[in-house]
Amino acid sequence: MSKGKLAKFEAMKSMSNVFQNFSWHEPQLINHLGNEVQLKGQWHEQIFGNNHPIVLELACGYGEYTVGMAQKRTDQNFIGIDIKGNRIYTGAQQILDQRISNAVFLRSSIELLPHFFDTAEVNEIWIPFPDPFRRDSKSNRRLTSPYFLDIYRQFVVPNGIIHLKTDSDILYEFTLQTIAENGCTLLESHYDLYQTAADNELLDIKTRYERLNLSGASTFKYIKFSL
Ligand SMILES: C[S@@+](CC[C@H](N)C(=O)[O-])C[C@H]1O[C@@H](n2cnc3c(N)ncnc32)[C@H](O)[C@@H]1O
């Protein structure tokens with residue numbers, strides 16, 4: 001592991017706005033003091049100190065959506081989630097620098113989230129540019145697969161809204177099909193988001209992956225649906 005990554009991992013341990021899980025088999029959240037914290041069902045009271053809706057950014061990478069949404073929507077609470085700590089570090093540092101009080105980060109596998117969120121504790125989910133897993137044999141790992149929708153249903157309010165941004169045709173088509181076959185309601189779909197999407201200032205937030213256009217895509221796609 002590079003020195004830079006190691007330094008970020010070390011620094012993250014003492015960030016008051018980062019909670020980390022280190023075990024797949026015994027999931028628990030560790031705070032900046034090195035203590036285990038029970039946040040399931042407690043996010044409003046213990047972390048945000050209000051009853052505002054909680055919105056997750058899954059596969060948040062550097063956390064651009066968490067930071068950007070927290071700045072634009074001060075009447076909501078945001079939690080950026082990713083397994084890669086060195087990426088989360090960037091967003092968490094911005095939150096600290098800008099003294100943003102309605103956003104934190106969680107380092108964990110998304111599969112483990114039912115351990116950390118209670119029934120209906122989360123209102124909405126954004127998933128910007130998740131890995132598309134192009135091979136059909138890995139479709140279960142796509143973050144909009146039926147497997148993951150069942151995970152989200154364990155802690156998202158009934159009819160909670162999911163937003164997907166992607167540059168992948170495969171993931172776009174797969175998600176539309178999954179919505180149709182799994183009792184979800186399609187609210188919006190745009191194959192070429194910046195040509196046709198409805199007015200939503202949150203769609204203007206650009207993640208690192210989108211900015212660099214790592215896949216060389218010619219269109220960015222957006223789907224909004226309810227669970
Ligand atoms: C293609 S990157 C996109 C990052 C960011 N959303 C962006 O647009 O720049 C996908 C991210 O998903 C994270 N990820 C993939 N599967 C995950 C999982 N099961 N649990 C947590 N994070 C995951 C990876 O660590 C990576 O940061």
# chains A, B, ... in the order shown; residues from 1 in each chain; ligands from 1
>>> select_by_dssp(residues="chain A", states="strand (DSSP E)", output="PyMOL selection string")
chain A and resi 18-20+29-30+36-37+54-58+77-82+103-107+122-128+156-166+185-190+221-226
>>> residues_around(residues="Asn200 in chain A", least_positions_apart="5", cutoff="12 Å", atoms="only C-alpha atoms", output="list in words")
Met69, Lys72, His163, Glu188, Leu193, Tyr194, Ile205, Tyr222 and Lys224 of chain A
>>> write_last_selection(atoms="all heavy atoms", output="compact mmCIF listing (two decimals), in the first residue's frame")
# COMPACT_ATOMS: atom_id res chain seq x y z
N MET A 69 -24.62 17.72 -1.86
CA MET A 69 -26.02 17.72 -1.43
C MET A 69 -26.14 18.38 -0.05
O MET A 69 -27.10 19.10 0.20
CB MET A 69 -26.57 16.29 -1.38
CG MET A 69 -26.71 15.65 -2.76
SD MET A 69 -27.69 14.10 -2.80
CE MET A 69 -26.68 12.98 -1.86
N LYS A 72 -26.27 22.03 -0.52
CA LYS A 72 -27.47 22.54 -1.18
C LYS A 72 -28.74 22.30 -0.37
O LYS A 72 -29.71 23.03 -0.48
CB LYS A 72 -27.63 21.87 -2.56
CG LYS A 72 -26.61 22.33 -3.59
CD LYS A 72 -26.77 21.49 -4.86
CE LYS A 72 -25.61 21.63 -5.81
NZ LYS A 72 -25.55 22.84 -6.58
N HIS A 163 -31.90 7.01 -6.71
CA HIS A 163 -31.41 7.70 -7.91
C HIS A 163 -30.15 6.98 -8.39
O HIS A 163 -29.23 6.76 -7.59
CB HIS A 163 -30.99 9.14 -7.59
CG HIS A 163 -32.05 9.95 -6.90
ND1 HIS A 163 -32.84 10.86 -7.57
CD2 HIS A 163 -32.43 9.99 -5.60
CE1 HIS A 163 -33.66 11.43 -6.69
NE2 HIS A 163 -33.43 10.93 -5.50
N GLU A 188 -38.49 8.30 -13.36
CA GLU A 188 -37.84 9.04 -14.45
C GLU A 188 -36.76 8.17 -15.03
O GLU A 188 -36.07 7.47 -14.28
CB GLU A 188 -37.13 10.30 -13.94
CG GLU A 188 -37.99 11.52 -13.78
CD GLU A 188 -37.13 12.74 -13.42
OE1 GLU A 188 -36.18 13.06 -14.14
OE2 GLU A 188 -37.43 13.35 -12.37
N LEU A 193 -28.87 12.16 -20.04
CA LEU A 193 -29.28 13.02 -18.93
C LEU A 193 -29.19 14.51 -19.22
O LEU A 193 -30.12 15.27 -18.94
CB LEU A 193 -28.40 12.62 -17.74
CG LEU A 193 -28.13 13.55 -16.59
CD1 LEU A 193 -29.42 13.82 -15.85
CD2 LEU A 193 -27.15 12.87 -15.64
N TYR A 194 -28.09 14.95 -19.78
CA TYR A 194 -27.90 16.40 -19.91
C TYR A 194 -28.68 16.99 -21.10
O TYR A 194 -28.76 18.19 -21.25
CB TYR A 194 -26.41 16.73 -19.97
CG TYR A 194 -25.75 16.35 -18.66
CD1 TYR A 194 -24.80 15.34 -18.60
CD2 TYR A 194 -26.14 16.96 -17.47
CE1 TYR A 194 -24.24 14.96 -17.39
CE2 TYR A 194 -25.59 16.58 -16.25
CZ TYR A 194 -24.64 15.58 -16.22
OH TYR A 194 -24.10 15.20 -15.01
N ILE A 205 -24.29 18.01 -9.83
CA ILE A 205 -23.10 17.63 -9.07
C ILE A 205 -22.34 16.58 -9.89
O ILE A 205 -22.92 15.62 -10.38
CB ILE A 205 -23.49 17.04 -7.69
CG1 ILE A 205 -24.23 18.11 -6.87
CG2 ILE A 205 -22.26 16.53 -6.95
CD1 ILE A 205 -24.83 17.57 -5.56
N TYR A 222 -29.57 8.58 -16.32
CA TYR A 222 -30.13 8.79 -14.98
C TYR A 222 -31.45 8.06 -14.86
O TYR A 222 -32.28 8.12 -15.77
CB TYR A 222 -30.34 10.30 -14.76
CG TYR A 222 -31.15 10.66 -13.53
CD1 TYR A 222 -30.69 10.35 -12.25
CD2 TYR A 222 -32.37 11.33 -13.66
CE1 TYR A 222 -31.44 10.70 -11.13
CE2 TYR A 222 -33.11 11.69 -12.54
CZ TYR A 222 -32.64 11.37 -11.28
OH TYR A 222 -33.37 11.72 -10.16
N LYS A 224 -34.58 7.37 -11.89
CA LYS A 224 -35.14 7.63 -10.56
C LYS A 224 -36.32 6.69 -10.37
O LYS A 224 -37.21 6.61 -11.24
CB LYS A 224 -35.63 9.09 -10.51
CG LYS A 224 -36.32 9.49 -9.24
CD LYS A 224 -36.70 10.99 -9.34
CE LYS A 224 -37.50 11.46 -8.16
NZ LYS A 224 -37.90 12.88 -8.30
>>> closest_atom_pairs(of="range 68-159 of chain A", to="range 208-213 of chain A", cutoff="12 Å", atoms="only C-alpha atoms", output="CSV")
residue,atom,partner,partner_atom,distance
A:Arg87,CA,A:Arg208,CA,10.5
A:Thr90,CA,A:Arg208,CA,11.3
A:Gly91,CA,A:Arg208,CA,11.5
A:Pro128,CA,A:Glu210,CA,8.8
A:Phe129,CA,A:Tyr209,CA,7.1
A:Pro130,CA,A:Tyr209,CA,9.6
A:Asp131,CA,A:Tyr209,CA,10.5
>>> write_last_selection(atoms="N, CA, C and O atoms", output="PDB file, in the first residue's frame")
ATOM      1  N   ARG A  87     -10.503   6.991  -0.311  1.00  0.00           N
ATOM      2  CA  ARG A  87     -11.379   7.880  -1.105  1.00  0.00           C
ATOM      3  C   ARG A  87     -12.273   8.698  -0.175  1.00  0.00           C
ATOM      4  O   ARG A  87     -12.383   9.915  -0.298  1.00  0.00           O
ATOM      5  N   THR A  90     -11.140  12.111   1.429  1.00  0.00           N
ATOM      6  CA  THR A  90     -11.218  13.405   0.734  1.00  0.00           C
ATOM      7  C   THR A  90     -12.510  14.141   1.092  1.00  0.00           C
ATOM      8  O   THR A  90     -12.499  15.315   1.468  1.00  0.00           O
ATOM      9  N   GLY A  91     -13.639  13.431   0.978  1.00  0.00           N
ATOM     10  CA  GLY A  91     -14.922  14.061   1.302  1.00  0.00           C
ATOM     11  C   GLY A  91     -15.018  14.418   2.773  1.00  0.00           C
ATOM     12  O   GLY A  91     -15.508  15.494   3.136  1.00  0.00           O
ATOM     13  N   PRO A 128     -24.225   7.196  -7.476  1.00  0.00           N
ATOM     14  CA  PRO A 128     -23.574   7.754  -8.661  1.00  0.00           C
ATOM     15  C   PRO A 128     -22.446   6.860  -9.172  1.00  0.00           C
ATOM     16  O   PRO A 128     -21.524   6.547  -8.448  1.00  0.00           O
ATOM     17  N   PHE A 129     -22.575   6.419 -10.380  1.00  0.00           N
ATOM     18  CA  PHE A 129     -21.532   5.689 -11.097  1.00  0.00           C
ATOM     19  C   PHE A 129     -20.983   4.479 -10.337  1.00  0.00           C
ATOM     20  O   PHE A 129     -19.772   4.375 -10.108  1.00  0.00           O
ATOM     21  N   PRO A 130     -21.873   3.549  -9.960  1.00  0.00           N
ATOM     22  CA  PRO A 130     -21.375   2.314  -9.365  1.00  0.00           C
ATOM     23  C   PRO A 130     -20.705   1.452 -10.442  1.00  0.00           C
ATOM     24  O   PRO A 130     -20.966   1.653 -11.638  1.00  0.00           O
ATOM     25  N   ASP A 131     -19.875   0.514 -10.016  1.00  0.00           N
ATOM     26  CA  ASP A 131     -19.268  -0.409 -10.987  1.00  0.00           C
ATOM     27  C   ASP A 131     -20.386  -1.147 -11.726  1.00  0.00           C
ATOM     28  O   ASP A 131     -21.299  -1.674 -11.077  1.00  0.00           O
TER      29      ASP A 131
END
>>> closest_residue(among="A:Tyr191, A:Phe225, A:Phe155, A:Phe105", to="ligand 1", atoms="only C-alpha atoms and all ligand atoms")
A:Phe105
>>> residues_near_ligand(ligand="ligand 1", cutoff="10 Å", atoms="only C-alpha atoms and all ligand atoms", output="PyMOL selection string")
chain A and resi 57-65+80-88+106-113+126-133+141-143+148+165-167+206-215
>>> residues_around(residues="Ile161 in chain A", least_positions_apart="6", cutoff="8 Å", atoms="only C-alpha atoms", output="PDB file with N, CA and C atoms, in the first residue's frame")
ATOM      1  N   ASN A 123     -34.422   7.729   4.129  1.00  0.00           N
ATOM      2  CA  ASN A 123     -35.488   8.205   3.233  1.00  0.00           C
ATOM      3  C   ASN A 123     -35.177   8.020   1.749  1.00  0.00           C
ATOM      4  N   GLU A 124     -33.914   8.142   1.409  1.00  0.00           N
ATOM      5  CA  GLU A 124     -33.588   8.215  -0.026  1.00  0.00           C
ATOM      6  C   GLU A 124     -32.154   7.747  -0.239  1.00  0.00           C
ATOM      7  N   ILE A 125     -31.882   7.261  -1.453  1.00  0.00           N
ATOM      8  CA  ILE A 125     -30.524   6.786  -1.777  1.00  0.00           C
ATOM      9  C   ILE A 125     -30.092   7.348  -3.133  1.00  0.00           C
ATOM     10  N   LYS A 224     -34.578   7.369 -11.887  1.00  0.00           N
ATOM     11  CA  LYS A 224     -35.139   7.632 -10.555  1.00  0.00           C
ATOM     12  C   LYS A 224     -36.317   6.685 -10.375  1.00  0.00           C
ATOM     13  N   PHE A 225     -36.316   5.932  -9.287  1.00  0.00           N
ATOM     14  CA  PHE A 225     -37.435   4.999  -9.063  1.00  0.00           C
ATOM     15  C   PHE A 225     -37.730   4.870  -7.574  1.00  0.00           C
ATOM     16  N   SER A 226     -38.896   4.331  -7.276  1.00  0.00           N
ATOM     17  CA  SER A 226     -39.204   4.116  -5.859  1.00  0.00           C
ATOM     18  C   SER A 226     -39.253   2.617  -5.577  1.00  0.00           C
ATOM     19  N   LEU A 227     -38.878   2.266  -4.375  1.00  0.00           N
ATOM     20  CA  LEU A 227     -38.768   0.848  -3.987  1.00  0.00           C
ATOM     21  C   LEU A 227     -40.126   0.187  -3.823  1.00  0.00           C
TER      22      LEU A 227
END
